[in-house]
Amino acid sequence: MDFPFKIQNYTTAPHMVPYQGPVFNTSPDPEYLGAKKNQLNLFGSDLFGETPLAQSLHLVTTASKYLGFGALEHICDVALKIEEDIAIMHRGRLEAICFCFPSSWVPRERLGQSLAQIHAPVADGQALVRASGNLTERMANLQQGPHKRYVWTLSSSKDLSQHPGKAKLGNPLFIEDLYFRLETQITAPLVHQESSLFLVKVETVPLAQLWVDSEKREFLLNGINTMSEEVLKYKNLQEIKTIINK
């Protein structure tokens, strides 16, 4: 798991940094790809979709060629080639998506929304909303991208998917009942100042594996303990905060 455990207060500010590495894992784990396919079989069109504009502009094919897969035409065909979930923005709006492992939202429902609209429900997300216009421009700027950022949380579920339709688990009691969930997000420009690609790799690991490392433990404690009550409620971390502070 590639993640910088640098101790800092929690913030919703979009810390996207320039990135020069590969935008996706070119040697995907077959089991991981199988898990994506299982979610598509389970939740179907909840997880994917394209707008008429995306179809008329052949945005999926543009993204497929950029990733090196030739002229694939369906967003799911592209998504099942890589571990990362995939979305395509055009002129600031979400025009195509296939997210097999969403975090408590339905991907198809976000089609046509601007970045500001997508970020609007996020607790304490004012910084994200304010930055959305600038982010949109940076994402589609060939001179500035690609970019990379991380989003993390703790969960009582080890499942990569947190689709709202999944059954809720029982209340956790101990560190051993919890998992660290990480999204590695990479954006890459497709058409200068027009379209951009958004890729998200989701990973979960038992929190107990990280808890034995004092630096990682301090990072997580500081992160949770500097979250506002609104963020804790939004992320369903109120009980988890109590558990990790015992």
# chains A, B, ... in the order shown; residues from 1 in each chain; ligands from 1
$ select_by_dssp --residues "region 7-208 of chain A" --states "strand (DSSP E or B)" --output "ChimeraX atom specification"
/A:17-18,48-50,85-90,93-98,103,114,147-155,162,179-191,195-206
$ residues_around --residues "Gly34 (chain A)" --least-positions-apart "3" --cutoff "12 Å" --atoms "only C-alpha atoms" --output "PyMOL selection string"
chain A and resi 28-31+37-41+79-83+100
$ write_last_selection --atoms "all heavy atoms" --output "JSON list (two decimals), in the first residue's frame"
[["chain", "number", "residue", "atom", "x", "y", "z"],
["A", 28, "PRO", "N", -2.56, -5.96, -13.46],
["A", 28, "PRO", "CA", -3.65, -6.08, -12.49],
["A", 28, "PRO", "C", -3.79, -7.49, -11.95],
["A", 28, "PRO", "O", -3.54, -8.48, -12.64],
["A", 28, "PRO", "CB", -4.88, -5.68, -13.29],
["A", 28, "PRO", "CG", -4.51, -5.97, -14.72],
["A", 28, "PRO", "CD", -3.05, -5.68, -14.82],
["A", 29, "ASP", "N", -4.21, -7.59, -10.70],
["A", 29, "ASP", "CA", -4.46, -8.86, -10.03],
["A", 29, "ASP", "C", -5.76, -9.45, -10.57],
["A", 29, "ASP", "O", -6.81, -8.80, -10.48],
["A", 29, "ASP", "CB", -4.57, -8.61, -8.53],
["A", 29, "ASP", "CG", -4.81, -9.88, -7.74],
["A", 29, "ASP", "OD1", -5.09, -10.93, -8.34],
["A", 29, "ASP", "OD2", -4.73, -9.82, -6.49],
["A", 30, "PRO", "N", -5.73, -10.67, -11.13],
["A", 30, "PRO", "CA", -6.96, -11.27, -11.67],
["A", 30, "PRO", "C", -8.07, -11.37, -10.63],
["A", 30, "PRO", "O", -9.26, -11.22, -10.98],
["A", 30, "PRO", "CB", -6.49, -12.65, -12.13],
["A", 30, "PRO", "CG", -5.04, -12.49, -12.42],
["A", 30, "PRO", "CD", -4.54, -11.51, -11.39],
["A", 31, "GLU", "N", -7.73, -11.61, -9.36],
["A", 31, "GLU", "CA", -8.75, -11.69, -8.33],
["A", 31, "GLU", "C", -9.42, -10.34, -8.10],
["A", 31, "GLU", "O", -10.63, -10.26, -7.86],
["A", 31, "GLU", "CB", -8.15, -12.21, -7.02],
["A", 31, "GLU", "CG", -7.76, -13.68, -7.07],
["A", 31, "GLU", "CD", -7.35, -14.22, -5.71],
["A", 31, "GLU", "OE1", -7.54, -13.49, -4.70],
["A", 31, "GLU", "OE2", -6.83, -15.34, -5.66],
["A", 37, "LYS", "N", -15.91, -7.45, -11.44],
["A", 37, "LYS", "CA", -16.95, -8.07, -12.26],
["A", 37, "LYS", "C", -18.11, -8.55, -11.40],
["A", 37, "LYS", "O", -19.29, -8.40, -11.78],
["A", 37, "LYS", "CB", -16.36, -9.24, -13.05],
["A", 37, "LYS", "CG", -17.32, -9.83, -14.07],
["A", 37, "LYS", "CD", -16.63, -10.87, -14.94],
["A", 37, "LYS", "CE", -17.58, -11.40, -16.00],
["A", 37, "LYS", "NZ", -16.90, -12.40, -16.89],
["A", 38, "ASN", "N", -17.80, -9.10, -10.22],
["A", 38, "ASN", "CA", -18.86, -9.55, -9.32],
["A", 38, "ASN", "C", -19.76, -8.40, -8.89],
["A", 38, "ASN", "O", -20.99, -8.55, -8.80],
["A", 38, "ASN", "CB", -18.25, -10.22, -8.08],
["A", 38, "ASN", "CG", -17.64, -11.57, -8.38],
["A", 38, "ASN", "OD1", -17.99, -12.20, -9.39],
["A", 38, "ASN", "ND2", -16.75, -12.04, -7.53],
["A", 39, "GLN", "N", -19.16, -7.24, -8.62],
["A", 39, "GLN", "CA", -19.96, -6.07, -8.23],
["A", 39, "GLN", "C", -20.84, -5.59, -9.37],
["A", 39, "GLN", "O", -21.99, -5.18, -9.15],
["A", 39, "GLN", "CB", -19.04, -4.95, -7.74],
["A", 39, "GLN", "CG", -18.34, -5.25, -6.44],
["A", 39, "GLN", "CD", -19.30, -5.57, -5.30],
["A", 39, "GLN", "OE1", -20.19, -4.78, -4.99],
["A", 39, "GLN", "NE2", -19.11, -6.71, -4.68],
["A", 40, "LEU", "N", -20.32, -5.65, -10.59],
["A", 40, "LEU", "CA", -21.13, -5.27, -11.74],
["A", 40, "LEU", "C", -22.30, -6.23, -11.92],
["A", 40, "LEU", "O", -23.41, -5.80, -12.26],
["A", 40, "LEU", "CB", -20.27, -5.24, -13.01],
["A", 40, "LEU", "CG", -19.35, -4.03, -13.14],
["A", 40, "LEU", "CD1", -18.35, -4.25, -14.28],
["A", 40, "LEU", "CD2", -20.15, -2.76, -13.38],
["A", 41, "ASN", "N", -22.08, -7.50, -11.67],
["A", 41, "ASN", "CA", -23.17, -8.47, -11.74],
["A", 41, "ASN", "C", -24.20, -8.23, -10.64],
["A", 41, "ASN", "O", -25.40, -8.44, -10.84],
["A", 41, "ASN", "CB", -22.62, -9.89, -11.63],
["A", 41, "ASN", "CG", -21.84, -10.32, -12.87],
["A", 41, "ASN", "OD1", -22.05, -9.80, -13.96],
["A", 41, "ASN", "ND2", -20.92, -11.26, -12.70],
["A", 79, "ALA", "N", -13.14, -0.48, -17.72],
["A", 79, "ALA", "CA", -12.98, -0.64, -16.27],
["A", 79, "ALA", "C", -12.51, -2.03, -15.89],
["A", 79, "ALA", "O", -11.78, -2.20, -14.91],
["A", 79, "ALA", "CB", -14.29, -0.31, -15.57],
["A", 80, "LEU", "N", -12.93, -3.04, -16.65],
["A", 80, "LEU", "CA", -12.56, -4.41, -16.32],
["A", 80, "LEU", "C", -11.16, -4.79, -16.83],
["A", 80, "LEU", "O", -10.71, -5.91, -16.60],
["A", 80, "LEU", "CB", -13.60, -5.38, -16.87],
["A", 80, "LEU", "CG", -14.96, -5.35, -16.14],
["A", 80, "LEU", "CD1", -15.96, -6.26, -16.83],
["A", 80, "LEU", "CD2", -14.79, -5.75, -14.67],
["A", 81, "LYS", "N", -10.50, -3.87, -17.49],
["A", 81, "LYS", "CA", -9.12, -4.09, -17.90],
["A", 81, "LYS", "C", -8.13, -3.68, -16.81],
["A", 81, "LYS", "O", -6.96, -4.07, -16.85],
["A", 81, "LYS", "CB", -8.81, -3.27, -19.16],
["A", 81, "LYS", "CG", -9.49, -3.74, -20.43],
["A", 81, "LYS", "CD", -8.74, -4.90, -21.04],
["A", 81, "LYS", "CE", -9.27, -5.22, -22.43],
["A", 81, "LYS", "NZ", -8.56, -6.39, -23.04],
["A", 82, "ILE", "N", -8.59, -2.86, -15.86],
["A", 82, "ILE", "CA", -7.70, -2.26, -14.87],
["A", 82, "ILE", "C", -8.28, -2.42, -13.48],
["A", 82, "ILE", "O", -9.48, -2.62, -13.30],
["A", 82, "ILE", "CB", -7.44, -0.77, -15.17],
["A", 82, "ILE", "CG1", -8.76, 0.01, -15.18],
["A", 82, "ILE", "CG2", -6.71, -0.60, -16.50],
["A", 82, "ILE", "CD1", -8.60, 1.49, -15.42],
["A", 83, "GLU", "N", -7.42, -2.34, -12.47],
["A", 83, "GLU", "CA", -7.90, -2.40, -11.09],
["A", 83, "GLU", "C", -8.65, -1.13, -10.70],
["A", 83, "GLU", "O", -9.59, -1.17, -9.90],
["A", 83, "GLU", "CB", -6.72, -2.60, -10.14],
["A", 83, "GLU", "CG", -6.03, -3.93, -10.31],
["A", 83, "GLU", "CD", -4.86, -4.10, -9.35],
["A", 83, "GLU", "OE1", -4.33, -3.08, -8.86],
["A", 83, "GLU", "OE2", -4.46, -5.24, -9.09],
["A", 100, "CYS", "N", -16.87, 0.37, -9.55],
["A", 100, "CYS", "CA", -17.32, -0.89, -8.96],
["A", 100, "CYS", "C", -17.26, -0.86, -7.44],
["A", 100, "CYS", "O", -17.96, -1.62, -6.79],
["A", 100, "CYS", "CB", -16.47, -2.04, -9.49],
["A", 100, "CYS", "SG", -16.59, -2.27, -11.28]]
$ closest_atom_pairs --of "region 123-218 of chain A" --to "region 45-54 of chain A" --cutoff "12 Å" --atoms "only C-alpha atoms" --output "CSV"
residue,atom,partner,partner_atom,distance
A:Ser161,CA,A:Leu47,CA,10.6
A:Gln162,CA,A:Leu47,CA,11.6
A:His163,CA,A:Leu47,CA,9.0
A:Pro164,CA,A:Asp46,CA,10.4
A:Gly165,CA,A:Asp46,CA,10.0
A:Ser195,CA,A:Ala54,CA,10.3
$ select_by_dssp --residues "region 100-185 of chain A" --states "helix (DSSP H, G or I)" --output "number ranges by chain"
A: 107-110, 115-119, 126-139, 175-177
$ closest_residue --among "A:Ser155, A:Arg91, A:Leu59, A:Lys166" --to "Trp105 (chain A)" --atoms "only C-alpha atoms"
A:Lys166
$ residues_around --residues "Asn222 (chain A)" --least-positions-apart "3" --cutoff "7 Å" --atoms "only C-alpha atoms" --output "list in words"
Gln8, Asn9, Glu218, Phe219, Asn225 and Thr226 of chain A
$ write_last_selection --atoms "C-alpha atoms" --output "CSV table (one decimal), in the first residue's frame"
chain,number,residue,atom,x,y,z
A,8,GLN,CA,-1.2,16.2,10.0
A,9,ASN,CA,-4.6,17.5,11.0
A,218,GLU,CA,-0.3,8.5,15.6
A,219,PHE,CA,-1.2,9.5,12.1
A,225,ASN,CA,-9.3,13.4,16.5
A,226,THR,CA,-9.0,16.6,14.4
$ closest_atom_pairs --of "region 1-95 of chain A" --to "region 175-193 of chain A" --cutoff "12 Å" --atoms "only C-alpha atoms" --output "JSON lines"
{"residue": "A:Met1", "atom": "CA", "partner": "A:Leu182", "partner_atom": "CA", "distance": 8.7}
{"residue": "A:Asp2", "atom": "CA", "partner": "A:Thr184", "partner_atom": "CA", "distance": 8.5}
{"residue": "A:Phe3", "atom": "CA", "partner": "A:Thr184", "partner_atom": "CA", "distance": 8.4}
{"residue": "A:Pro4", "atom": "CA", "partner": "A:Thr184", "partner_atom": "CA", "distance": 11.2}
{"residue": "A:Phe5", "atom": "CA", "partner": "A:Leu182", "partner_atom": "CA", "distance": 11.7}
{"residue": "A:Pro14", "atom": "CA", "partner": "A:Gln185", "partner_atom": "CA", "distance": 10.9}
{"residue": "A:His15", "atom": "CA", "partner": "A:Gln185", "partner_atom": "CA", "distance": 10.8}
{"residue": "A:Met16", "atom": "CA", "partner": "A:Ile186", "partner_atom": "CA", "distance": 8.7}
{"residue": "A:Val17", "atom": "CA", "partner": "A:Ile186", "partner_atom": "CA", "distance": 9.6}
{"residue": "A:Pro18", "atom": "CA", "partner": "A:Thr187", "partner_atom": "CA", "distance": 9.6}
{"residue": "A:Tyr19", "atom": "CA", "partner": "A:Ile186", "partner_atom": "CA", "distance": 8.2}
{"residue": "A:Gln20", "atom": "CA", "partner": "A:Ala188", "partner_atom": "CA", "distance": 10.3}
{"residue": "A:Gly21", "atom": "CA", "partner": "A:Ile186", "partner_atom": "CA", "distance": 10.0}
{"residue": "A:Pro22", "atom": "CA", "partner": "A:Ile186", "partner_atom": "CA", "distance": 9.5}
{"residue": "A:Val23", "atom": "CA", "partner": "A:Ile186", "partner_atom": "CA", "distance": 6.4}
{"residue": "A:Phe24", "atom": "CA", "partner": "A:Ile186", "partner_atom": "CA", "distance": 8.4}
{"residue": "A:Asn25", "atom": "CA", "partner": "A:Ile186", "partner_atom": "CA", "distance": 11.6}
{"residue": "A:Leu57", "atom": "CA", "partner": "A:Val191", "partner_atom": "CA", "distance": 11.3}
{"residue": "A:His58", "atom": "CA", "partner": "A:Leu190", "partner_atom": "CA", "distance": 11.9}
{"residue": "A:Leu59", "atom": "CA", "partner": "A:Leu190", "partner_atom": "CA", "distance": 8.9}
{"residue": "A:Val60", "atom": "CA", "partner": "A:Leu190", "partner_atom": "CA", "distance": 10.5}
{"residue": "A:Thr61", "atom": "CA", "partner": "A:Leu190", "partner_atom": "CA", "distance": 10.8}
{"residue": "A:Thr62", "atom": "CA", "partner": "A:Leu190", "partner_atom": "CA", "distance": 7.3}
{"residue": "A:Ala63", "atom": "CA", "partner": "A:Leu190", "partner_atom": "CA", "distance": 6.9}
{"residue": "A:Ser64", "atom": "CA", "partner": "A:Leu190", "partner_atom": "CA", "distance": 10.3}
{"residue": "A:Lys65", "atom": "CA", "partner": "A:Leu190", "partner_atom": "CA", "distance": 9.8}
{"residue": "A:Tyr66", "atom": "CA", "partner": "A:Leu190", "partner_atom": "CA", "distance": 7.3}
{"residue": "A:Leu67", "atom": "CA", "partner": "A:Leu190", "partner_atom": "CA", "distance": 10.1}
{"residue": "A:Glu83", "atom": "CA", "partner": "A:Thr184", "partner_atom": "CA", "distance": 11.3}
{"residue": "A:Glu84", "atom": "CA", "partner": "A:Gln185", "partner_atom": "CA", "distance": 8.9}
{"residue": "A:Asp85", "atom": "CA", "partner": "A:Gln185", "partner_atom": "CA", "distance": 9.4}
{"residue": "A:Ile86", "atom": "CA", "partner": "A:Ile186", "partner_atom": "CA", "distance": 9.8}
{"residue": "A:Ala87", "atom": "CA", "partner": "A:Thr187", "partner_atom": "CA", "distance": 9.5}
{"residue": "A:Ile88", "atom": "CA", "partner": "A:Leu190", "partner_atom": "CA", "distance": 9.0}
{"residue": "A:Met89", "atom": "CA", "partner": "A:Leu190", "partner_atom": "CA", "distance": 9.3}
{"residue": "A:His90", "atom": "CA", "partner": "A:Gln193", "partner_atom": "CA", "distance": 8.8}
{"residue": "A:Arg91", "atom": "CA", "partner": "A:Gln193", "partner_atom": "CA", "distance": 7.5}
{"residue": "A:Gly92", "atom": "CA", "partner": "A:Gln193", "partner_atom": "CA", "distance": 9.6}
$ write_last_selection --atoms "N, CA, C and O atoms" --output "short mmCIF file (atom, residue, chain, number, x, y, z; two decimals), in the first residue's frame"
data_model
loop_
_atom_site.label_atom_id
_atom_site.label_comp_id
_atom_site.auth_asym_id
_atom_site.auth_seq_id
_atom_site.Cartn_x
_atom_site.Cartn_y
_atom_site.Cartn_z
N MET A 1 0.85 -1.19 0.00
CA MET A 1 0.00 0.00 0.00
C MET A 1 0.89 1.24 0.00
O MET A 1 1.68 1.46 0.91
N ASP A 2 0.75 2.04 -1.05
CA ASP A 2 1.56 3.25 -1.22
C ASP A 2 0.81 4.43 -0.62
O ASP A 2 -0.10 4.99 -1.25
N PHE A 3 1.17 4.82 0.60
CA PHE A 3 0.48 5.93 1.25
C PHE A 3 1.42 6.62 2.23
O PHE A 3 2.06 5.96 3.05
N PRO A 4 1.55 7.94 2.16
CA PRO A 4 2.46 8.65 3.06
C PRO A 4 1.80 8.93 4.41
O PRO A 4 0.96 9.82 4.52
N PHE A 5 2.18 8.20 5.42
CA PHE A 5 1.61 8.39 6.75
C PHE A 5 2.31 9.55 7.46
O PHE A 5 3.07 9.37 8.40
N PRO A 14 -8.47 19.67 -1.19
CA PRO A 14 -8.03 18.71 -2.22
C PRO A 14 -6.53 18.82 -2.51
O PRO A 14 -6.11 19.53 -3.42
N HIS A 15 -5.72 18.10 -1.75
CA HIS A 15 -4.27 18.18 -1.92
C HIS A 15 -3.82 17.29 -3.09
O HIS A 15 -3.29 16.20 -2.90
N MET A 16 -4.06 17.77 -4.30
CA MET A 16 -3.62 17.06 -5.49
C MET A 16 -2.22 17.54 -5.85
O MET A 16 -1.97 18.75 -5.93
N VAL A 17 -1.31 16.62 -6.06
CA VAL A 17 0.07 16.98 -6.38
C VAL A 17 0.42 16.42 -7.76
O VAL A 17 -0.10 15.38 -8.18
N PRO A 18 1.30 17.11 -8.50
CA PRO A 18 1.73 16.59 -9.80
C PRO A 18 2.31 15.19 -9.67
O PRO A 18 2.99 14.87 -8.70
N TYR A 19 2.02 14.36 -10.66
CA TYR A 19 2.40 12.95 -10.60
C TYR A 19 2.96 12.53 -11.95
O TYR A 19 2.39 12.84 -13.00
N GLN A 20 4.09 11.82 -11.92
CA GLN A 20 4.76 11.42 -13.15
C GLN A 20 4.84 9.91 -13.33
O GLN A 20 5.42 9.44 -14.32
N GLY A 21 4.24 9.15 -12.42
CA GLY A 21 4.29 7.70 -12.53
C GLY A 21 3.19 7.15 -13.43
O GLY A 21 2.45 7.90 -14.06
N PRO A 22 3.08 5.82 -13.50
CA PRO A 22 2.01 5.20 -14.29
C PRO A 22 0.64 5.54 -13.71
O PRO A 22 0.47 5.54 -12.49
N VAL A 23 -0.33 5.83 -14.56
CA VAL A 23 -1.63 6.24 -14.06
C VAL A 23 -2.49 5.04 -13.62
O VAL A 23 -3.52 5.22 -12.97
N PHE A 24 -2.06 3.83 -14.00
CA PHE A 24 -2.78 2.63 -13.55
C PHE A 24 -1.81 1.47 -13.46
O PHE A 24 -0.70 1.52 -14.00
N ASN A 25 -2.22 0.44 -12.72
CA ASN A 25 -1.40 -0.75 -12.54
C ASN A 25 -1.45 -1.58 -13.82
O ASN A 25 -2.51 -2.12 -14.17
N LEU A 57 -19.35 12.29 -28.34
CA LEU A 57 -17.95 12.69 -28.42
C LEU A 57 -16.98 11.52 -28.34
O LEU A 57 -15.76 11.71 -28.41
N HIS A 58 -17.51 10.30 -28.16
CA HIS A 58 -16.68 9.09 -28.07
C HIS A 58 -15.62 9.22 -26.97
O HIS A 58 -14.45 8.86 -27.15
N LEU A 59 -16.07 9.71 -25.82
CA LEU A 59 -15.13 9.95 -24.71
C LEU A 59 -14.54 8.65 -24.18
O LEU A 59 -13.37 8.61 -23.78
N VAL A 60 -15.33 7.59 -24.14
CA VAL A 60 -14.83 6.31 -23.63
C VAL A 60 -13.73 5.78 -24.55
O VAL A 60 -12.68 5.30 -24.08
N THR A 61 -13.94 5.87 -25.85
CA THR A 61 -12.92 5.42 -26.79
C THR A 61 -11.64 6.24 -26.66
O THR A 61 -10.52 5.71 -26.72
N THR A 62 -11.79 7.55 -26.44
CA THR A 62 -10.63 8.41 -26.23
C THR A 62 -9.84 7.96 -25.01
O THR A 62 -8.61 7.85 -25.04
N ALA A 63 -10.57 7.66 -23.91
CA ALA A 63 -9.91 7.19 -22.69
C ALA A 63 -9.27 5.83 -22.90
O ALA A 63 -8.16 5.57 -22.43
N SER A 64 -9.97 4.95 -23.61
CA SER A 64 -9.45 3.61 -23.87
C SER A 64 -8.14 3.66 -24.66
O SER A 64 -7.17 2.96 -24.34
N LYS A 65 -8.09 4.52 -25.66
CA LYS A 65 -6.86 4.66 -26.44
C LYS A 65 -5.73 5.25 -25.58
O LYS A 65 -4.58 4.84 -25.70
N TYR A 66 -6.08 6.21 -24.74
CA TYR A 66 -5.07 6.82 -23.86
C TYR A 66 -4.45 5.77 -22.95
O TYR A 66 -3.24 5.79 -22.70
N LEU A 67 -5.26 4.84 -22.46
CA LEU A 67 -4.78 3.80 -21.56
C LEU A 67 -4.09 2.65 -22.30
O LEU A 67 -3.51 1.77 -21.66
N GLU A 83 -7.42 -2.34 -12.47
CA GLU A 83 -7.90 -2.40 -11.09
C GLU A 83 -8.65 -1.13 -10.70
O GLU A 83 -9.59 -1.17 -9.90
N GLU A 84 -8.27 -0.03 -11.29
CA GLU A 84 -8.83 1.25 -10.91
C GLU A 84 -10.26 1.44 -11.42
O GLU A 84 -10.59 1.01 -12.54
N ASP A 85 -11.11 2.07 -10.62
CA ASP A 85 -12.38 2.54 -11.11
C ASP A 85 -12.14 3.76 -11.98
O ASP A 85 -11.10 4.43 -11.86
N ILE A 86 -13.10 4.07 -12.86
CA ILE A 86 -12.84 5.07 -13.89
C ILE A 86 -14.01 6.02 -14.07
O ILE A 86 -15.17 5.61 -14.02
N ALA A 87 -13.68 7.30 -14.26
CA ALA A 87 -14.68 8.31 -14.59
C ALA A 87 -14.07 9.26 -15.60
O ALA A 87 -12.84 9.43 -15.65
N ILE A 88 -14.91 9.89 -16.42
CA ILE A 88 -14.46 10.84 -17.42
C ILE A 88 -15.22 12.14 -17.25
O ILE A 88 -16.45 12.16 -17.23
N MET A 89 -14.46 13.23 -17.10
CA MET A 89 -15.03 14.56 -17.00
C MET A 89 -14.86 15.28 -18.34
O MET A 89 -13.84 15.11 -19.02
N HIS A 90 -15.87 16.09 -18.71
CA HIS A 90 -15.75 16.91 -19.92
C HIS A 90 -16.34 18.27 -19.62
O HIS A 90 -17.50 18.40 -19.21
N ARG A 91 -15.51 19.30 -19.81
CA ARG A 91 -15.91 20.68 -19.54
C ARG A 91 -16.56 20.81 -18.16
O ARG A 91 -17.58 21.46 -17.98
N GLY A 92 -15.93 20.14 -17.20
CA GLY A 92 -16.32 20.29 -15.81
C GLY A 92 -17.46 19.41 -15.34
O GLY A 92 -17.88 19.53 -14.18
#
$ closest_residue --among "A:Glu230, A:Pro172, A:Ser196, A:Glu239" --to "Met139 (chain A)" --atoms "only C-alpha atoms"
A:Ser196
